[in-house]
Each structure stands twice: as C-alpha cells, then as structure tokens.
$ cat input_33.txt   # compact mmCIF, C-alpha atoms and all ligand atoms
# COMPACT_ATOMS: atom_id res chain seq x y z
CA MET A 1 5.93 2.69 -89.65
CA ASN A 2 8.59 5.26 -90.49
CA ILE A 3 11.20 5.58 -87.66
CA LYS A 4 10.73 9.39 -87.56
CA ILE A 5 7.00 8.97 -86.89
CA ILE A 6 7.69 6.46 -84.10
CA ILE A 7 10.13 8.91 -82.45
CA LEU A 8 7.56 11.71 -82.78
CA ILE A 9 4.84 9.56 -81.15
CA ILE A 10 7.15 8.56 -78.26
CA GLY A 11 8.14 12.22 -77.81
CA PHE A 12 4.49 13.28 -77.76
CA PHE A 13 3.67 10.79 -74.99
CA LEU A 14 6.77 11.71 -73.00
CA CYS A 15 5.85 15.42 -73.09
CA ASN A 16 2.19 14.83 -72.25
CA GLY A 17 2.98 12.32 -69.55
CA SER A 18 4.78 15.13 -67.75
CA GLU A 19 2.91 14.44 -64.45
CA ALA A 20 5.75 12.10 -63.58
CA GLN A 21 8.24 14.95 -63.99
CA PHE A 22 6.31 17.58 -62.01
CA HIS A 23 7.43 17.56 -58.39
CA PHE A 24 5.41 18.86 -55.41
CA LEU A 25 6.85 19.53 -51.95
CA VAL A 26 4.01 19.49 -49.41
CA PHE A 27 4.46 21.08 -45.97
CA GLY A 28 2.04 19.49 -43.51
CA GLY A 29 1.74 16.54 -45.91
CA LYS A 30 2.89 13.93 -43.39
CA THR A 31 0.45 14.48 -40.54
CA GLY A 32 -2.13 17.15 -41.47
CA TRP A 33 -5.73 16.29 -42.38
CA ILE A 34 -5.77 18.31 -45.59
CA GLY A 35 -2.06 17.81 -46.30
CA LYS A 36 -2.33 14.00 -46.28
CA LYS A 37 -5.35 14.17 -48.59
CA ILE A 38 -3.47 16.38 -51.06
CA VAL A 39 -0.44 14.07 -51.02
CA LYS A 40 -2.65 11.05 -51.76
CA ILE A 41 -4.49 12.81 -54.59
CA LEU A 42 -1.26 14.02 -56.21
CA ASN A 43 0.23 10.53 -55.92
CA ASP A 44 -2.91 9.03 -57.47
CA GLN A 45 -2.68 11.61 -60.27
CA GLY A 46 0.81 10.36 -61.02
CA TYR A 47 2.91 13.27 -59.74
CA VAL A 48 6.11 13.06 -57.75
CA VAL A 49 5.30 14.23 -54.21
CA THR A 50 7.52 14.82 -51.20
CA PRO A 51 5.68 15.46 -47.94
CA THR A 52 7.66 17.18 -45.20
CA GLN A 53 7.34 17.90 -41.50
CA VAL A 54 10.03 20.60 -41.49
CA ARG A 55 8.96 23.50 -39.22
CA LEU A 56 7.81 26.44 -41.32
CA GLU A 57 9.51 29.03 -39.14
CA GLN A 58 12.96 27.40 -39.29
CA ARG A 59 14.43 29.32 -42.21
CA GLU A 60 17.58 27.26 -42.71
CA ALA A 61 15.77 23.93 -42.47
CA VAL A 62 13.17 25.17 -44.98
CA GLU A 63 15.89 26.37 -47.36
CA ARG A 64 17.68 23.02 -47.01
CA VAL A 65 14.65 20.88 -47.86
CA VAL A 66 13.63 23.15 -50.77
CA SER A 67 17.16 23.13 -52.22
CA LYS A 68 17.40 19.35 -51.82
CA VAL A 69 14.00 18.48 -53.32
CA LYS A 70 14.03 21.21 -56.01
CA PRO A 71 10.23 21.09 -56.43
CA ASP A 72 8.29 22.67 -59.27
CA CYS A 73 5.69 23.74 -56.73
CA ILE A 74 5.55 24.07 -52.95
CA ILE A 75 2.20 23.52 -51.23
CA ASN A 76 1.68 24.75 -47.69
CA THR A 77 -0.99 22.86 -45.79
CA ALA A 78 0.78 23.37 -42.46
CA GLY A 79 -0.65 25.69 -39.87
CA ILE A 80 -2.20 25.91 -36.45
CA THR A 81 -5.95 25.41 -36.27
CA GLY A 82 -6.12 24.77 -32.50
CA ARG A 83 -7.40 21.78 -30.57
CA PRO A 84 -10.16 21.08 -29.85
CA ASN A 85 -10.91 24.20 -31.92
CA VAL A 86 -9.66 27.68 -32.81
CA ASP A 87 -10.39 28.94 -29.27
CA TRP A 88 -6.99 27.39 -28.43
CA CYS A 89 -5.31 30.19 -30.40
CA GLU A 90 -6.73 32.83 -28.02
CA GLU A 91 -4.43 31.52 -25.29
CA HIS A 92 -1.50 30.52 -27.51
CA LYS A 93 -0.91 33.67 -29.50
CA PRO A 94 2.88 33.43 -29.95
CA GLU A 95 2.61 29.81 -31.17
CA THR A 96 -0.18 30.79 -33.56
CA ILE A 97 1.83 33.75 -34.94
CA ARG A 98 4.94 31.57 -35.28
CA ALA A 99 3.25 28.99 -37.50
CA ASN A 100 0.47 30.87 -39.27
CA LEU A 101 2.24 34.14 -39.93
CA ILE A 102 6.02 33.98 -39.47
CA GLY A 103 6.18 30.38 -40.70
CA ALA A 104 3.90 30.73 -43.72
CA LEU A 105 5.61 34.00 -44.78
CA ASN A 106 9.01 32.41 -44.31
CA LEU A 107 8.06 29.61 -46.68
CA ALA A 108 6.55 32.02 -49.23
CA ASP A 109 9.72 34.10 -49.10
CA VAL A 110 12.03 31.10 -49.62
CA ALA A 111 9.86 29.99 -52.56
CA PHE A 112 10.03 33.53 -54.00
CA GLN A 113 13.81 33.70 -53.68
CA GLN A 114 14.15 30.36 -55.46
CA ASN A 115 11.52 31.29 -58.10
CA ILE A 116 9.18 28.42 -57.16
CA HIS A 117 5.40 28.53 -57.45
CA PHE A 118 3.89 28.52 -53.94
CA ILE A 119 0.36 27.38 -53.12
CA ASN A 120 -0.95 28.26 -49.66
CA MET A 121 -4.00 26.55 -48.19
CA GLY A 122 -5.63 29.61 -46.67
CA THR A 123 -9.01 30.22 -45.17
CA GLY A 124 -12.16 32.16 -46.04
CA CYS A 125 -12.87 32.60 -42.32
CA ILE A 126 -11.78 36.22 -42.69
CA TYR A 127 -15.22 37.54 -43.63
CA THR A 128 -18.54 38.01 -41.86
CA TYR A 129 -21.92 38.98 -43.31
CA ASP A 130 -22.36 42.77 -43.49
CA ALA A 131 -24.72 45.35 -44.98
CA ASP A 132 -23.22 44.95 -48.47
CA HIS A 133 -23.20 41.14 -48.23
CA PRO A 134 -26.32 40.28 -46.22
CA LYS A 135 -27.00 36.73 -45.05
CA GLY A 136 -29.09 34.79 -47.60
CA SER A 137 -28.70 37.43 -50.34
CA GLY A 138 -26.40 35.31 -52.49
CA ILE A 139 -24.00 38.27 -52.67
CA GLY A 140 -20.72 36.71 -51.72
CA PHE A 141 -17.40 38.30 -50.81
CA THR A 142 -15.09 38.40 -53.82
CA GLU A 143 -11.32 38.16 -53.81
CA GLU A 144 -11.30 41.96 -54.19
CA ASP A 145 -13.17 42.58 -50.91
CA PRO A 146 -10.91 43.35 -47.96
CA PRO A 147 -11.30 40.90 -45.04
CA ASN A 148 -13.75 42.17 -42.40
CA PHE A 149 -13.58 39.48 -39.70
CA ARG A 150 -10.94 39.53 -36.99
CA GLY A 151 -13.19 38.23 -34.19
CA SER A 152 -10.83 35.36 -33.34
CA PHE A 153 -7.05 35.44 -33.04
CA TYR A 154 -6.88 32.60 -35.58
CA SER A 155 -8.76 34.70 -38.15
CA HIS A 156 -6.73 37.77 -37.21
CA THR A 157 -3.47 35.98 -38.18
CA LYS A 158 -5.07 34.61 -41.34
CA CYS A 159 -6.28 38.10 -42.39
CA MET A 160 -2.73 39.42 -42.10
CA LEU A 161 -1.32 36.43 -43.97
CA ASP A 162 -3.94 36.73 -46.74
CA ASP A 163 -2.92 40.36 -47.23
CA LEU A 164 0.86 39.99 -46.99
CA LEU A 165 1.05 36.91 -49.23
CA MET A 166 -0.32 38.97 -52.10
CA SER A 167 2.94 40.97 -52.13
CA TYR A 168 4.61 37.87 -53.58
CA PRO A 169 4.08 37.35 -57.33
CA ASN A 170 4.64 33.56 -57.06
CA VAL A 171 1.79 32.89 -54.60
CA LEU A 172 -1.59 31.22 -55.10
CA ASN A 173 -3.68 31.46 -51.90
CA LEU A 174 -6.62 29.05 -51.80
CA ARG A 175 -9.26 30.12 -49.28
CA LEU A 176 -10.96 27.02 -47.89
CA ARG A 177 -14.09 27.18 -45.72
CA MET A 178 -15.66 24.59 -43.45
CA PRO A 179 -14.03 21.67 -45.32
CA ILE A 180 -16.15 18.55 -45.84
CA SER A 181 -14.70 15.12 -46.65
CA ASP A 182 -16.49 12.04 -48.00
CA ASP A 183 -15.90 10.08 -44.80
CA PHE A 184 -16.69 10.16 -41.09
CA TYR A 185 -13.56 12.11 -40.12
CA PRO A 186 -14.54 14.04 -36.96
CA ARG A 187 -13.19 17.39 -38.23
CA SER A 188 -15.15 17.23 -41.49
CA PHE A 189 -17.77 19.97 -41.04
CA ALA A 190 -20.66 17.58 -41.81
CA ILE A 191 -19.57 15.31 -38.94
CA LYS A 192 -18.18 17.95 -36.58
CA ILE A 193 -21.55 19.65 -36.12
CA THR A 194 -23.30 16.35 -35.34
CA HIS A 195 -21.25 16.24 -32.12
CA TYR A 196 -22.33 19.67 -30.92
CA GLN A 197 -25.01 19.86 -28.22
CA LYS A 198 -26.57 22.83 -29.99
CA VAL A 199 -25.85 24.43 -33.36
CA VAL A 200 -26.49 27.83 -34.91
CA ASN A 201 -28.33 27.76 -38.21
CA ILE A 202 -26.62 30.06 -40.70
CA PRO A 203 -25.95 29.63 -44.43
CA ASN A 204 -22.23 29.44 -45.19
CA SER A 205 -19.83 28.78 -48.02
CA MET A 206 -18.18 25.38 -47.72
CA SER A 207 -15.46 23.37 -49.45
CA VAL A 208 -16.20 19.81 -50.51
CA LEU A 209 -12.67 18.44 -50.57
CA SER A 210 -13.34 15.72 -53.17
CA ASP A 211 -14.49 18.43 -55.62
CA LEU A 212 -11.69 20.89 -54.97
CA LEU A 213 -8.42 19.23 -53.93
CA PRO A 214 -8.01 17.35 -57.27
CA LEU A 215 -7.88 20.77 -59.03
CA ILE A 216 -4.71 21.85 -57.24
CA SER A 217 -2.33 20.06 -59.63
CA GLU A 218 -3.92 21.78 -62.62
CA MET A 219 -3.70 25.14 -60.84
CA ALA A 220 -0.01 24.44 -60.28
CA LYS A 221 0.56 23.50 -63.91
CA ARG A 222 -1.22 26.67 -65.05
CA ARG A 223 0.90 28.50 -62.43
CA LEU A 224 -2.12 30.45 -61.21
CA THR A 225 -1.44 33.16 -58.65
CA GLY A 226 -3.45 35.51 -56.43
CA ASN A 227 -6.32 34.81 -54.04
CA TYR A 228 -9.00 32.28 -54.96
CA ASN A 229 -12.11 31.56 -52.91
CA PHE A 230 -11.67 27.77 -52.81
CA VAL A 231 -15.30 26.86 -52.12
CA ASN A 232 -18.24 25.29 -53.92
CA PRO A 233 -20.64 27.88 -55.35
CA GLY A 234 -23.59 28.83 -53.14
CA ALA A 235 -24.17 28.47 -49.42
CA ILE A 236 -25.79 25.87 -47.18
CA SER A 237 -27.03 26.10 -43.60
CA HIS A 238 -26.20 23.93 -40.59
CA ASN A 239 -29.76 22.60 -40.46
CA GLU A 240 -29.76 21.62 -44.12
CA ILE A 241 -26.63 19.55 -43.50
CA LEU A 242 -27.99 17.97 -40.32
CA ASP A 243 -31.26 17.09 -42.06
CA LEU A 244 -29.24 15.26 -44.73
CA TYR A 245 -27.26 13.49 -42.00
CA LYS A 246 -30.56 12.33 -40.51
CA LYS A 247 -31.87 11.22 -43.92
CA TYR A 248 -28.77 9.33 -45.09
CA ILE A 249 -26.84 8.27 -41.99
CA ASP A 250 -28.91 8.12 -38.81
CA SER A 251 -32.70 8.42 -38.89
CA GLU A 252 -32.82 8.76 -35.10
CA PHE A 253 -30.46 11.70 -34.98
CA VAL A 254 -31.87 14.84 -33.32
CA TYR A 255 -30.39 18.31 -32.96
CA GLN A 256 -31.15 21.58 -31.27
CA ASN A 257 -30.50 25.14 -32.43
CA PHE A 258 -29.37 28.17 -30.50
CA THR A 259 -28.64 31.78 -31.42
CA ILE A 260 -25.26 33.35 -32.18
CA GLU A 261 -25.54 35.30 -28.91
CA GLU A 262 -26.06 32.03 -27.00
CA GLN A 263 -23.19 30.43 -28.92
CA ASN A 264 -20.86 33.33 -28.08
CA LYS A 265 -21.41 32.63 -24.37
CA ILE A 266 -19.80 29.17 -24.68
CA LEU A 267 -16.91 30.22 -26.94
CA LYS A 268 -13.75 32.20 -26.23
CA ALA A 269 -13.81 33.84 -29.66
CA ALA A 270 -16.41 34.69 -32.28
CA ARG A 271 -16.79 32.63 -35.46
CA SER A 272 -16.96 33.74 -39.07
CA ASN A 273 -20.18 33.18 -41.01
CA CYS A 274 -20.20 34.24 -44.65
CA GLU A 275 -20.78 33.42 -48.27
CA LEU A 276 -17.83 33.70 -50.63
CA ASP A 277 -18.22 34.45 -54.32
CA ALA A 278 -16.90 31.47 -56.29
CA SER A 279 -17.06 33.13 -59.75
CA LYS A 280 -13.30 33.50 -60.16
CA LEU A 281 -12.75 29.81 -59.38
CA LEU A 282 -15.66 28.78 -61.61
CA LYS A 283 -14.20 30.71 -64.50
CA ALA A 284 -11.09 28.52 -64.28
CA PHE A 285 -13.00 25.31 -63.40
CA PRO A 286 -16.66 25.54 -64.53
CA GLN A 287 -17.40 21.94 -63.52
CA ILE A 288 -17.44 22.57 -59.73
CA PRO A 289 -20.96 21.69 -58.49
CA HIS A 290 -23.17 23.90 -56.32
CA ILE A 291 -22.77 23.06 -52.64
CA LYS A 292 -26.38 21.87 -52.32
CA LYS A 293 -25.86 19.37 -55.14
CA SER A 294 -22.40 18.31 -54.05
CA ILE A 295 -23.37 17.66 -50.42
CA VAL A 296 -25.99 15.09 -51.49
CA GLY A 297 -23.23 13.15 -53.31
CA VAL A 298 -21.07 13.37 -50.16
CA PHE A 299 -23.83 11.85 -48.01
CA GLU A 300 -24.57 9.16 -50.61
CA ARG A 301 -20.91 8.12 -50.54
CA MET A 302 -20.87 8.21 -46.74
CA LYS A 303 -23.98 6.03 -46.63
CA GLU A 304 -22.39 3.53 -48.99
CA PHE A 305 -19.22 3.53 -46.87
CA LYS A 306 -21.26 2.92 -43.71
CA GLU A 307 -23.26 0.07 -45.28
CA LYS A 308 -20.08 -1.62 -46.51
CA ALA A 309 -18.55 -1.33 -43.01
CA VAL A 310 -21.68 -2.87 -41.44
CA LEU A 311 -21.62 -5.71 -43.99
CA ALA A 312 -17.92 -6.38 -43.43
CA LYS A 313 -18.49 -6.50 -39.66
CA ALA A 314 -21.35 -8.99 -40.05
CA GLN A 315 -19.23 -11.38 -42.17
N1 LIG A 401 -9.65 22.29 -41.05
C1 LIG A 401 -10.33 23.40 -41.30
O1 LIG A 401 -11.49 23.58 -40.88
C2 LIG A 401 -9.71 24.49 -42.16
C3 LIG A 401 -10.53 25.44 -42.75
C4 LIG A 401 -9.97 26.43 -43.54
C5 LIG A 401 -8.58 26.47 -43.68
N2 LIG A 401 -7.80 25.55 -43.08
C6 LIG A 401 -6.36 25.71 -43.17
O2 LIG A 401 -5.78 24.60 -43.83
C7 LIG A 401 -4.52 24.28 -43.24
C8 LIG A 401 -4.51 22.80 -42.90
O3 LIG A 401 -5.55 22.52 -41.98
P1 LIG A 401 -5.78 21.04 -41.39
O4 LIG A 401 -7.19 20.97 -40.95
O5 LIG A 401 -5.24 20.02 -42.33
O6 LIG A 401 -4.84 21.10 -40.10
P2 LIG A 401 -4.27 19.93 -39.20
O7 LIG A 401 -4.92 18.62 -39.50
O8 LIG A 401 -4.31 20.44 -37.81
O9 LIG A 401 -2.75 19.81 -39.67
C9 LIG A 401 -1.88 20.86 -39.44
C10 LIG A 401 -0.54 20.49 -40.03
O10 LIG A 401 0.30 21.60 -39.84
C11 LIG A 401 1.53 21.14 -39.31
N3 LIG A 401 2.13 22.20 -38.54
C12 LIG A 401 1.61 22.90 -37.50
N4 LIG A 401 2.48 23.84 -37.11
C13 LIG A 401 3.56 23.74 -37.91
C14 LIG A 401 4.79 24.42 -38.02
N5 LIG A 401 5.09 25.42 -37.21
N6 LIG A 401 5.66 24.03 -38.98
C15 LIG A 401 5.39 23.02 -39.80
N7 LIG A 401 4.23 22.31 -39.75
C16 LIG A 401 3.35 22.68 -38.81
C17 LIG A 401 1.21 19.91 -38.51
O11 LIG A 401 2.36 19.13 -38.44
P3 LIG A 401 2.85 18.38 -37.09
O12 LIG A 401 1.92 17.24 -36.89
O13 LIG A 401 4.22 17.97 -37.44
O14 LIG A 401 2.78 19.41 -36.00
C18 LIG A 401 0.12 19.28 -39.39
O15 LIG A 401 0.71 18.51 -40.39
C19 LIG A 401 -4.35 25.21 -42.03
O16 LIG A 401 -3.50 26.28 -42.36
C20 LIG A 401 -5.74 25.74 -41.79
O17 LIG A 401 -5.73 27.03 -41.24
C21 LIG A 401 -8.34 24.54 -42.34
$ encode --input "input_33.txt" --output "structure tokens"
Amino acid sequence: MNIKIIILIIGFFLCNGSEAQFHFLVFGGKTGWIGKKIVKILNDQGYVVTPTQVRLEQREAVERVVSKVKPDCIINTAGITGRPNVDWCEEHKPETIRANLIGALNLADVAFQQNIHFINMGTGCIYTYDADHPKGSGIGFTEEDPPNFRGSFYSHTKCMLDDLLMSYPNVLNLRLRMPISDDFYPRSFAIKITHYQKVVNIPNSMSVLSDLLPLISEMAKRRLTGNYNFVNPGAISHNEILDLYKKYIDSEFVYQNFTIEEQNKILKAARSNCELDASKLLKAFPQIPHIKKSIVGVFERMKEFKEKAVLAKAQ
C-alpha cells in the first residue's frame, strides 16, 4: 500500500478516536450517586475523566483545579439533596444556598471565564401540574415554560439556579427527575418508594439513568447548550412502578396509598409532581424509550441481578 494512503488511514483513526483526547472534569464525581455513575460511563466510553471533590463555593480552589486539569468540558453533579430527603434543606438553608446556588453559579462562572463548556445536572422538580398542564393529559412542561414550583426550599434554590444559569452561553442544564438506576440502590426511585409506609399515586416524568447518562458525552461533543428536560418520554405512576416491583422482584410485596393532603402532614415541605415534555431531547436523541417501556427493562435487569446474587450465595 502507498505510504501516503497508510498515513491518511492512521490520521483518520487518530481523529475519530478523539474520545481519548476529550477531557471531562466532574464535580461530585468522587462520592456522589450520579457523579460516580457518570465517571464510570465516561471511562467506559474511553474518555479521559478527572473526578474532583473540590468545594463548589471555593472560588480559588475551583479556579486552581480547572486551570490544572484544562478540561474540554466541566460536569457538575455536586449539590445538596438533603438526608434522609429534601426536607433537610428546610432547616439548612444557608448550606443549601452555598452549594446549590452560590457554588453551582461559581463553577458556571469560572467555566465561562475560561471558555469551557459546562454541563449542570439540574432537576425538573421545579414544576407542578397546573390548569395548562393537567395531570394525566400528556401535556408536559417544555423548556420554555417558567418554573412554577417553589414548595420546598430545595426546589426554590433549583428554580433560581435554572433561571440564572441560562445567562451563561456555555451552559447545558440537564433537568433530571426521580432518577432510576438498574440496581437496588436505595435512592433509586423504584427502590426508594418500596421503603415508604404509604405512597401517593401520581403520574410523573422520570429519568432512567442507563438510558440517559451515556448521552452526556455526545451532548458535550456537540457542545449543546440551554435547558433540556433530561427524562424519558411519557409519565408513570407510583402504583405502576410498585406493581412491576411486585411482579419482577418480590411477589409478596404489598403497599398502601394515601392522598397528597395526608402526605403533606408527614413532610416538612411539599413535593413536585409533573410531566416534562421530552420533545427537545428526543429531537437530539430519538432512540430514548418511553418510560413505560424502559422501566420494564430496568426491572428485568434487576431481576437478573437478584437471581445471580441468590445463585452466588448458594454456591
Ligand atoms: N437524586 C435525585 O433524586 C436527583 C433528582 C434530580 C436532580 N438531582 C440533582 O443531581 C445532583 C446529584 O445528585 P445525587 O443524587 O448524585 O447527590 P448525592 O449522591 O447526594 O451526591 C452529592 C454530591 O455533591 C457533593 N457536594 C455536596 N455539596 C458540595 C459542595 N458544596 N461542593 C462540592 N461538592 C459538594 C458531594 O460531595 P461530598 O461527598 O464531598 O460532600 C457528593 O459528591 C444534585 O445537584 C441533585 O440536585 C438529583
């Protein structure tokens, strides 16, 4: 083969194998649930990834790590979600502001000043069903709709962040909702609600992490910006999920429902229930399955995982 052709072929593969050159810096990537998942996926996809535990609100430390790593893209998965749940934020407002607002904006601002693409893992828990988007109608909130849910302090900070981030031209804000993983992790929505004594039964938009997180690298390479509802299309109710849990995981599982009014009596803050419109995301990634299809695959994989664990224990 002619030497020029060989050089051309090598050059082609070097350019297209650019994953190895593309560098992500992931805040929250060392200890966070979603951050660790993103780091693993990016590593598996062949990218260079640096996870960091640097505090978001410490400007000089953030500037130092960004200047040292020189990433092509910064991903923020860090933030306060509260333990055991977002009610914690009601009594820790300064801490919540420091991480979720001051911290996240600080990071976005450093990324802007250094002309680096910034992806923020945001939340869709900034909406609640209303007259224009009634429950069960299939009319979801689009990225153009202003947030209408500030019933918890957590959501209040996230509404402000969602709005202010859009002043930065380098920002992609991915609005997750009720994330579901393919395992038995207690904070995965499909597992979390099995531990509740009683559950409300309301259709909601949800994010199946195994469908969505692998898309982040492509979004970074396309340098997408703006708000994206980062959810599977459609909505699914609590009872539909619990019925699948009963079918696939534990046939003896039982659950009880209660109303939102009864739920509000045991919570410090209200919770968001809504459907988000996934059209904008689907336009970029048409392959994302409907939530009702995707959730069956999640439970099938969980069942397989459980059976393997039982087998391994028996051996
Ligand atoms: N889980 C959900 O249901 C859900 C739903 C929608 C959106 N989200 C959003 O997705 C993001 C990640 O959620 P997650 O469930 O992965 O949370 P998580 O498991 O609680 O992890 C939070 C991460 O944030 C880091 N962190 C907290 N405060 C920080 C600060 N001031 N500076 C730097 N790092 C800080 C923690 O690091 P340390 O261990 O070092 O403190 C940890 O790595 C959050 O912003 C959350 O609002 C989550």
$ atom_distance --input "input_33.txt" --atom1 "atom CA of His195 of chain A" --atom2 "atom CA of Trp88 of chain A"
18.5 Å
$ closest_residue --input "input_33.txt" --among "A:Leu215, A:Val200, A:Ile191, A:Ile41" --to "Phe258 of chain A" --atoms "all atoms listed in the file"
A:Val200
$ closest_residue --input "input_33.txt" --among "A:Lys292, A:Lys308, A:His23, A:Arg59" --to "ligand LIG 401 (chain A)" --atoms "only C-alpha atoms and all ligand atoms"
A:Arg59
$ residues_near_ligand --input "input_33.txt" --ligand "ligand LIG 401 (chain A)" --cutoff "7 Å" --atoms "all atoms listed in the file" --output "ChimeraX atom specification"
/A:27-35,53-57,77-81,98-100,103,121-125,175-179,187
$ closest_residue --input "input_33.txt" --among "A:Tyr185, A:Phe118, A:Tyr248, A:Phe299" --to "Val26 of chain A" --atoms "all atoms listed in the file"
A:Phe118
$ residues_near_point --input "input_33.txt" --point "(-9.1, 14.6, -48.1)" --cutoff "7 Å" --atoms "all atoms listed in the file" --output "list in words"
Trp33, Ile34, Lys37, Ile38, Ser181, Leu209 and Ser210 of chain A
$ atom_distance --input "input_33.txt" --atom1 "atom CA of Ser67 of chain A" --atom2 "atom CA of Leu213 of chain A"
25.9 Å
$ residues_near_point --input "input_33.txt" --point "(15.1, 26.6, -54.1)" --cutoff "7 Å" --atoms "only C-alpha atoms" --output "list of chain:residue names"
A:Glu63, A:Val66, A:Ser67, A:Lys70, A:Ala111, A:Gln114, A:Ile116
$ closest_atom_pairs --input "input_33.txt" --of "segment 147-215 of chain A" --to "segment 137-142 of chain A" --cutoff "12 Å" --atoms "all atoms listed in the file" --output "JSON lines"
{"residue": "A:Pro147", "atom": "CA", "partner": "A:Phe141", "partner_atom": "CA", "distance": 8.8}
{"residue": "A:Asn148", "atom": "CA", "partner": "A:Phe141", "partner_atom": "CA", "distance": 10.0}
{"residue": "A:Phe149", "atom": "CA", "partner": "A:Phe141", "partner_atom": "CA", "distance": 11.8}
{"residue": "A:Arg175", "atom": "CA", "partner": "A:Thr142", "partner_atom": "CA", "distance": 11.1}
{"residue": "A:Pro203", "atom": "CA", "partner": "A:Gly138", "partner_atom": "CA", "distance": 9.9}
{"residue": "A:Asn204", "atom": "CA", "partner": "A:Gly140", "partner_atom": "CA", "distance": 9.9}
{"residue": "A:Ser205", "atom": "CA", "partner": "A:Gly140", "partner_atom": "CA", "distance": 8.8}
$ closest_residue --input "input_33.txt" --among "A:Val298, A:Leu42, A:Asn76, A:Tyr245" --to "Val208 of chain A" --atoms "only C-alpha atoms"
A:Val298
$ residues_around --input "input_33.txt" --residues "Ile295 of chain A" --least-positions-apart "5" --cutoff "10 Å" --atoms "only C-alpha atoms" --output "number ranges by chain"
A: 180-182, 190, 206-208, 232, 236, 240-241, 244, 289-290, 300-301
$ atom_distance --input "input_33.txt" --atom1 "atom CA of Lys198 of chain A" --atom2 "atom CA of Glu261 of chain A"
12.6 Å
$ closest_residue --input "input_33.txt" --among "A:Ile193, A:Phe112, A:Ala314, A:Lys93" --to "Asn257 of chain A" --atoms "only C-alpha atoms"
A:Ile193
$ decode --input "input_33.txt" --residues "segment 231-242 of chain A" --atoms "N, CA, C and O atoms" --output "mmCIF file, in the first residue's frame"
data_model
loop_
_atom_site.group_PDB
_atom_site.id
_atom_site.type_symbol
_atom_site.label_atom_id
_atom_site.label_comp_id
_atom_site.auth_asym_id
_atom_site.auth_seq_id
_atom_site.Cartn_x
_atom_site.Cartn_y
_atom_site.Cartn_z
ATOM 1 N N VAL A 231 -35.320 13.544 30.722
ATOM 2 C CA VAL A 231 -36.233 12.494 31.208
ATOM 3 C C VAL A 231 -36.623 11.593 30.034
ATOM 4 O O VAL A 231 -36.539 12.003 28.877
ATOM 5 N N ASN A 232 -37.095 10.398 30.362
ATOM 6 C CA ASN A 232 -37.691 9.553 29.318
ATOM 7 C C ASN A 232 -39.025 10.169 28.921
ATOM 8 O O ASN A 232 -39.695 10.784 29.746
ATOM 9 N N PRO A 233 -39.455 9.966 27.669
ATOM 10 C CA PRO A 233 -40.770 10.494 27.290
ATOM 11 C C PRO A 233 -41.894 9.798 28.081
ATOM 12 O O PRO A 233 -41.753 8.639 28.455
ATOM 13 N N GLY A 234 -42.979 10.536 28.297
ATOM 14 C CA GLY A 234 -44.134 9.969 28.991
ATOM 15 C C GLY A 234 -44.036 10.099 30.501
ATOM 16 O O GLY A 234 -43.095 10.687 31.038
ATOM 17 N N ALA A 235 -45.045 9.538 31.163
ATOM 18 C CA ALA A 235 -45.078 9.587 32.636
ATOM 19 C C ALA A 235 -45.525 8.230 33.153
ATOM 20 O O ALA A 235 -46.162 7.454 32.425
ATOM 21 N N ILE A 236 -45.181 7.957 34.401
ATOM 22 C CA ILE A 236 -45.567 6.677 35.013
ATOM 23 C C ILE A 236 -45.922 6.957 36.473
ATOM 24 O O ILE A 236 -45.329 7.836 37.108
ATOM 25 N N SER A 237 -46.885 6.202 36.991
ATOM 26 C CA SER A 237 -47.342 6.468 38.365
ATOM 27 C C SER A 237 -46.587 5.585 39.368
ATOM 28 O O SER A 237 -45.987 4.565 39.001
ATOM 29 N N HIS A 238 -46.687 5.973 40.626
ATOM 30 C CA HIS A 238 -46.076 5.201 41.713
ATOM 31 C C HIS A 238 -46.601 3.761 41.699
ATOM 32 O O HIS A 238 -45.834 2.809 41.804
ATOM 33 N N ASN A 239 -47.935 3.623 41.564
ATOM 34 C CA ASN A 239 -48.506 2.272 41.622
ATOM 35 C C ASN A 239 -48.040 1.400 40.461
ATOM 36 O O ASN A 239 -47.813 0.199 40.637
ATOM 37 N N GLU A 240 -47.894 2.004 39.293
ATOM 38 C CA GLU A 240 -47.414 1.208 38.150
ATOM 39 C C GLU A 240 -46.010 0.661 38.441
ATOM 40 O O GLU A 240 -45.701 -0.485 38.118
ATOM 41 N N ILE A 241 -45.183 1.476 39.072
ATOM 42 C CA ILE A 241 -43.821 1.027 39.406
ATOM 43 C C ILE A 241 -43.875 -0.060 40.484
ATOM 44 O O ILE A 241 -43.214 -1.095 40.376
ATOM 45 N N LEU A 242 -44.688 0.164 41.498
ATOM 46 C CA LEU A 242 -44.751 -0.819 42.594
ATOM 47 C C LEU A 242 -45.350 -2.152 42.119
ATOM 48 O O LEU A 242 -44.953 -3.219 42.596
#
